[in-house]
Structure formats: structure tokens, C-alpha cells
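J.: One structure, pasted below without further comment.
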There are 2 protein chains.
Amino acid sequence: VNFFYGLDQEDEMDLFKRLEEIEPADAGWAAKARDRVDHLAKLVGSMGQLEDYYVRLCGIQRTMKPDMTQRAIVVLSADHGVVAEGVSPCDPVVTLKQTLNFARGVTGVCALAKQAGARVIPVDIGVAAEVCSDQIIHRKIRYGTANMAEGPAMTREEAIRSIEVGIEIALMAVSEGSTVLGTGEMGIGNTTPSAAMLSVFSQVAPQEVTGIGSNAPEAMVLHKIDVIERAIELNRPNPQDPIDVLSKVGGLEIGGMAGVMIGGAMSQTPVIVDGFISSVAALLAVRLKPEVLDYLFPSHKSREKGAALASALLGFDPPLDLQMRLGEGTGAALMFNVLESAVFMSNEMITCEEAEIAVI
Amino acid sequence: VNFFYGLDQEDEMDLFKRLEEIEPADAGWAAKARDRVDHLAKLVGSMGQLEDYYVRLCGIQRTMKPDMTQRAIVVLSADHGVVAEGVSPCDPVVTLKQTLNFARGVTGVCALAKQAGARVIPVDIGVAAEVCSDQIIHRKIRYGTANMAEGPAMTREEAIRSIEVGIEIALMAVSEGSTVLGTGEMGIGNTTPSAAMLSVFSQVAPQEVTGIGSNAPEAMVLHKIDVIERAIELNRPNPQDPIDVLSKVGGLEIGGMAGVMIGGAMSQTPVIVDGFISSVAALLAVRLKPEVLDYLFPSHKSREKGAALASALLGFDPPLDLQMRLGEGTGAALMFNVLESAVFMSNEMITCEEAEIAVI
């Protein structure tokens, strides 16, 4: 697949063909794993979500000893034309600056990734400026989206391409050895398209899913709601057509993150979903192919309004609640050690039989 | 201090003298840390609890670069005479068996500690049998408590001694290099004294704080509530006298865990509190000396009934919610990496000024 020239209908068919090839997690391995978990020397169910995580990881990696050691967070950066409407208190140039700071390893996600021993893979998928760094993967689809309050954020072809870029990066990371991925993003203004997409997918009014983003004051949030309402009314995205939603009121990094999740599912690799924006990307991915959900793990309960609804729609119950709302993949970074703890539970514990303890 | 011969009034005075020497966390270091956090290249407050953890750790260790690398979980084992009342579906011999399994490194807390690179320090503070292992610290105060439904669980002297043992172990771990501690326990039946102590401290009825413990069926839980009510009525513990509460309706490992927390405060070392039983021990420690709270960190929201109340009384908002209810220190083990992430946040991120981004 050539990602850098215009895609046409054939390319869209190509994406859907690739989606069709995704298999669900393996129920046989999961059942074997559940049996082991239920016989470990502890009360049945007493290790809660760790038990489920282990079972799911076995089903995903088709093994009793999932590998959570080779960690990578893909951080996709893009700009948003809708910032022209005044929906963010941040200067949009921060997208570029922080993207360069990902390359330098000095942002929030870089710090937490370092603690977790995870690689950060920064990708320019649509920053509205030249990004000069050889530490960044360059896959710019366009210089930021168009202003969705005046028309579609991007073309259908660009939307598909953003997903393909995410797939490509995930498959590259896996081919280079990653055994577990996380998603992150940087894009000033991106809670606006995220809230718009969530509103369309859920058919819940924008005011119910629109939050403060980068500490927007109340009046700005009210204006943001108004902008989202206008964008939806003007573009009329079709809730049954996820690509249509992404192209009309979405963002390039949101498509890219959905692609990373799809690429994870294609390569039977677990993908950790970060907070609000990542969760909306997960909704997009799952609406394109429901089996992708088998490969996704929640991380933290983002404080951004709308995050709880997005989680609920995914059936997620994020285990971390640190009142974080930074994005970048910071929540996902904290989750690597938790998932690995689930693996250690099975690898290091003995069974009730070995411990000479009755199962309760 | 000699821990192995009967303590008298002088020993009690000795404990209270040691408590008096505990200093609060350092407000100066905390303020300096807060200033740094507020200038990091992120939205103010957007890293949520990680920001607060970092600030508190700086105040505790009196540094801008707290050390979270040398980790130890103290796991105290003891038996409970009240099991004679039929309050647990578990065979009490499990306390002994699992204590030996701590030494072998094959239990739940051992598995999660291994993931976190933490040392597990198993201590026999009151197992109702000989514990034959040189991998265990032997500080048996008595062969399990007496049945609190028939009289005090232990003497006042034994209660004080259990706290002193915890202090000793914490100070030993710190002198051997530990920079952060966690608490854990093993004691079949110990949700019963924990619920009793919580009921006395909070003046909330036993039925509101008594849960299923080791998967007790409903009828057994009702009986357990009845036993707790009887024990409180018979022994009349004085809520204003924490030692009285511990001795009459408590447990040796609960006193020991409170001691570990006090020892942490004495040595300016952060201590991670595990779930329900640890939280009750934390209440005990904080009622003995409120400044101990400065040194304590919550970990997970235990599913055991009563855990939420105990957390609330401590002002805790545990960041991990994995529906765990195993005990042993499993929740505390998961928290080491989270606390270290808070330190990495400060150590690895640049400031807004360095990133050429305006503070928002």
C-alpha cells in the first residue's frame, strides 16, 4: 500500500478487506488461562481485574505466558482547523513544540514511559507546520484539518489514509519487537472533534460530552458546544458510517490511533487505550470492526467530560483513577506495569494443589 | 527495647515517647516541589494525583528527587481465636501454609512484588503454630489471639508489643536500604477484628462494615456481624484509646502493620497502605499519632465491605480499582510503580519555560 498518494475507492476496499482479516482473540487459550487462574492459591476471583487481564492476554497472544516486556506508545500529532473558532485557550503552535519535545523525550508521556521502560514513537500525521526532527516518523497527511465548523474536517480519502498510517506504525512497531502497544496523541483543539465524534456515535447531545479540554473557561466551553453543534448540523455525518464521521468532524490523530488499535488486532498484539481522545478513537476502530475490542485494554479514568460515556460504550472499566487529563498517552503508560502484574500473577504463583490449600 | 519479655507501664510510656518524636512531613520541601510541578510543561493540575504524590514524597524524604527504587513489603502473619466462632470459611491452617509460601515467594503478593522489583519481608507475629523457615522473621507474640467473643483478643502489653514489632521491622528494612515500604498481612479470620476495630473507631454499626472476607456465604456474614456485636459489647473497647481497641477486638498483624507505618514515619519513609485490613491498621496508627498520616499512601480500592469507610476516614482516594480483595499486600505492590511514575514526572519533564510554552 502506498500511503502518500491519493487513495481512491480501491484503497477504501483495501482497508475493509484488511479489516475482514482480523480474527477475534482465541477462546481456547482464554479458557485454558481461566482454568489456571481459578486454581491459583488465592480465593477465586480475589485478584479481580488482574485475573481477567491475564485471561484476555492469553487469548490475544495465544500463549499461557504473554509477553508484556517490549512496550511502545505511539503518539500521533495533528492540528485542527476548528481552533480558528476559538475553542481552545492554548496556542496551536504547542502541537508542533510538544511534538518536537516528544522527540527530545521530555514530555509527560516520555517521563512515564521511561519509568515503564516503554519506547515512545512520535508520529507527525498532520501537524500544521514542518516538523524538523529525525526522531519523528513523518506521515503528514495534511497541514492540520480544515475547520469543521465551515465544512468537512478532511476528505474521505484522508480519513482512510489516517487509519492506514496508524496500522502501518503498529505493524512496524510489532515487527521491530513490540509485544504491547499504547496510544497517545498531541493536537491542540482535539477534544473538540473528539466530543463531536462521540456525540455522533452515541447520539448524545454535544453539551453532555464536551469538557474543558486544556483548562478552557466556562464561556469558552459553551462556545465550544455551539461550534460542535454547528459542525454536526452543517456536515451531517452518518453515524452508521464511521469513516464519514471521522472525515467530517474528526481529526487525523484520532484516525491514526484507531489505526494503531486495528494494527494491534491484526498482529494479535494488545493495545492500551489512553483517555478521552484515545477512547473515541477506540470507538471508531470498534465500529469499523467489532473484533478489535478483543485487543484493547482501558487504562485510566480521564477527568475530561465525555470520557466516562466513551468508556461505557466500550464496556471499559478503567482501573486507574488519578484525576489525570493530560493526554499524550500518559494514562496508557501507567498501565504497562499493571498488565505485566497480571502475567506475573500466573507465572509466579502456585496452585491451590501445590500449596495444599482447598479452593474456595 | 527488648521485644521478647513482658512489657509493663514503662514500655507503654516508651512507645508514646517514641510516637512523640515523629515529625510531620516537611512543608518547605513540599512547597518547593509544588512550585516545580506547577511549572512543568503540561496544564496545571493535569497530571492529577501524580502531582500530589510527588509533592508529598518530597516532603517526606526532604529532597526534590525522592528515591522509589528500594522497595519492600512487610507481610505480617497471625491467627485469630475468633475463628472458633465460625466466622471464616477458610481452614485456619492456611495462615501457616501461606506464611511458608511467602518464604518460598509463590503467593499473590510475591508475584506482584517480583514484577515491581520489591522485596517481601514475611514476619510471624502470631501464627498459631511453629513456623519453620529461616526466610521468615520470627517475632511471634503469642500463638494467635484469644477469641474476642469470649474476652479480650490479647493483653494491653501484647498489643503494644505488636506495634513495637512493626516499628522494629520497618526500621530494620530502612536501615538495610529500603526507601519505600508497603504493608501486607495474612491471617485467616482477620476481616472480623478489622471490622470490629473499624466499627469502634467510626462508631458505625458492625453490619455496615462487615463483609464477605474469604468468600463467606451470606449466612456466615450475618453470624460474623453477630459475633462482632457480641465482642464489642463484652469487651467495651474505649474508642478514645487506640491500644485498648487493638487489644480487645484487634489482631497481632493489625498492630504490627500500624507499627510498620509508625516506623515509616519515624524514619521519614513513605509507606503504602494495602486494602481493608491495612487501612484499619492505618486508622490505628493515625489515632496514635496523627502525623503518621503524612507518610501514608493509599493503593487500591478493596472490594471488602468497610474498605471504603476506612479509606474515607483516612482521607484516602485510592487510585487503583481492580476489584481485588486478596490482601497480603497485593494492592500495595501495584502502587510502587505509580509512586515512582510521580518521581519520573518531575525528573524527566521540562518546564514550560524550557519548552517555550505559556503556563495555562
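Residues in the C-alpha cells are named by chain (A, B, ... in the order shown) and by number from 1 within that chain; ligands are numbered from 1 in the order shown.
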Using only C-alpha atoms, determine which residues of chain B fall within 6 Å of chain A; present them as a PyMOL selection string.
T.: chain B and resi 46-49+106-107+111-112+115+319-326+341+344-345+348-350
J.: Based on the backbone DSSP call, show me all residues of range 18-119 of chain A assigned helix (DSSP H, G or I), as an NGL selection string.
T.: :A and (18-20 or 27-39 or 48-61 or 81-85 or 93-104 or 108-116)
J.: Select from range 77-315 of chain B everything DSSP, run on the backbone, classes as strand (DSSP E or B), then give the selection as a ChimeraX atom specification.
T.: /B:77-78,118-126,137-138,180-186,271-272,296-297,300
J.: Can you measure CA of Phe276 in chain B to CA of Ala103 in chain B for me? One decimal in Å is fine.
T.: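 Between CA of Phe276 in chain B and CA of Ala103 in chain B the gap is 23.3 Å.
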J.: Between A:Gln240, A:Ser267, A:Asn147, A:Ser247, which is the closest to Met172 in chain A once you count only C-alpha atoms?
T.: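 Nearest candidate to Met172 in chain A out of A:Gln240, A:Ser267, A:Asn147, A:Ser247: A:Ser267.
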J.: Between CA of Pro242 in chain B and CA of Ile225 in chain B, measure the distance and give it in Å to one decimal.
T.: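 Separating CA of Pro242 in chain B from CA of Ile225 in chain B is a distance of 21.3 Å.
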J.: Need the shell around Glu164 in chain A: protein/DNA/RNA residues with any atom at most 12 Å away, counting only C-alpha atoms. Skip same-chain ones fewer than 3 positions apart. Format as a PyMOL selection string?
T.: chain A and resi 1-4+7+11-12+14-16+18-19+125+139+141+157-161+167-171+252-263+285
J.: Work out how far apart CA of Met154 in chain A and CA of Ala78 in chain A are and give it in Å to one decimal.
T.: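 Distance reported for this atom pair: 12.3 Å.
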J.: Which neighbours of Glu130 in chain A fall inside 10 Å, counting only C-alpha atoms, when residues of the same chain fewer than 3 positions from it are skipped, and could you give them as a ChimeraX atom specification?
T.: /A:96,124,126-127,133,138,140,143
J.: Do you know which residues are at most 6 Å from range 188-194 of chain A counting only C-alpha atoms, after dropping those on the same chain fewer than 3 positions away, and could you put them as a PDB file with N, CA and C atoms, in the first residue's frame?
T.:
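Written out: selection-v9.pdb:
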ATOM      1  N   VAL A  83      -9.685  25.176  15.575  1.00  0.00           N
ATOM      2  CA  VAL A  83      -9.164  26.118  16.585  1.00  0.00           C
ATOM      3  C   VAL A  83      -9.407  27.567  16.154  1.00  0.00           C
ATOM      4  N   SER A  88     -10.079  26.590  22.035  1.00  0.00           N
ATOM      5  CA  SER A  88      -9.024  26.187  22.972  1.00  0.00           C
ATOM      6  C   SER A  88      -8.265  27.399  23.473  1.00  0.00           C
ATOM      7  N   PRO A  92      -2.067  27.122  19.200  1.00  0.00           N
ATOM      8  CA  PRO A  92      -1.920  25.898  18.403  1.00  0.00           C
ATOM      9  C   PRO A  92      -0.471  25.514  18.116  1.00  0.00           C
ATOM     10  N   THR A  95       1.204  22.280  19.542  1.00  0.00           N
ATOM     11  CA  THR A  95       1.235  20.955  18.898  1.00  0.00           C
ATOM     12  C   THR A  95       2.626  20.687  18.322  1.00  0.00           C
ATOM     13  N   MET A 197     -17.315  13.605  17.546  1.00  0.00           N
ATOM     14  CA  MET A 197     -17.436  12.201  17.117  1.00  0.00           C
ATOM     15  C   MET A 197     -18.233  11.384  18.131  1.00  0.00           C
ATOM     16  N   GLY A 213     -11.245  20.479  28.152  1.00  0.00           N
ATOM     17  CA  GLY A 213     -10.022  20.315  27.355  1.00  0.00           C
ATOM     18  C   GLY A 213      -8.833  20.880  28.091  1.00  0.00           C
ATOM     19  N   VAL A 249     -16.102  15.323  11.095  1.00  0.00           N
ATOM     20  CA  VAL A 249     -15.927  16.033  12.379  1.00  0.00           C
ATOM     21  C   VAL A 249     -14.802  15.428  13.222  1.00  0.00           C
ATOM     22  N   GLY A 250     -13.853  14.749  12.572  1.00  0.00           N
ATOM     23  CA  GLY A 250     -12.797  14.085  13.337  1.00  0.00           C
ATOM     24  C   GLY A 250     -11.456  14.770  13.232  1.00  0.00           C
ATOM     25  N   ILE A 277      -9.564  11.061  24.254  1.00  0.00           N
ATOM     26  CA  ILE A 277      -9.404  11.105  22.801  1.00  0.00           C
ATOM     27  C   ILE A 277      -9.109   9.711  22.256  1.00  0.00           C
TER      28      ILE A 277
END
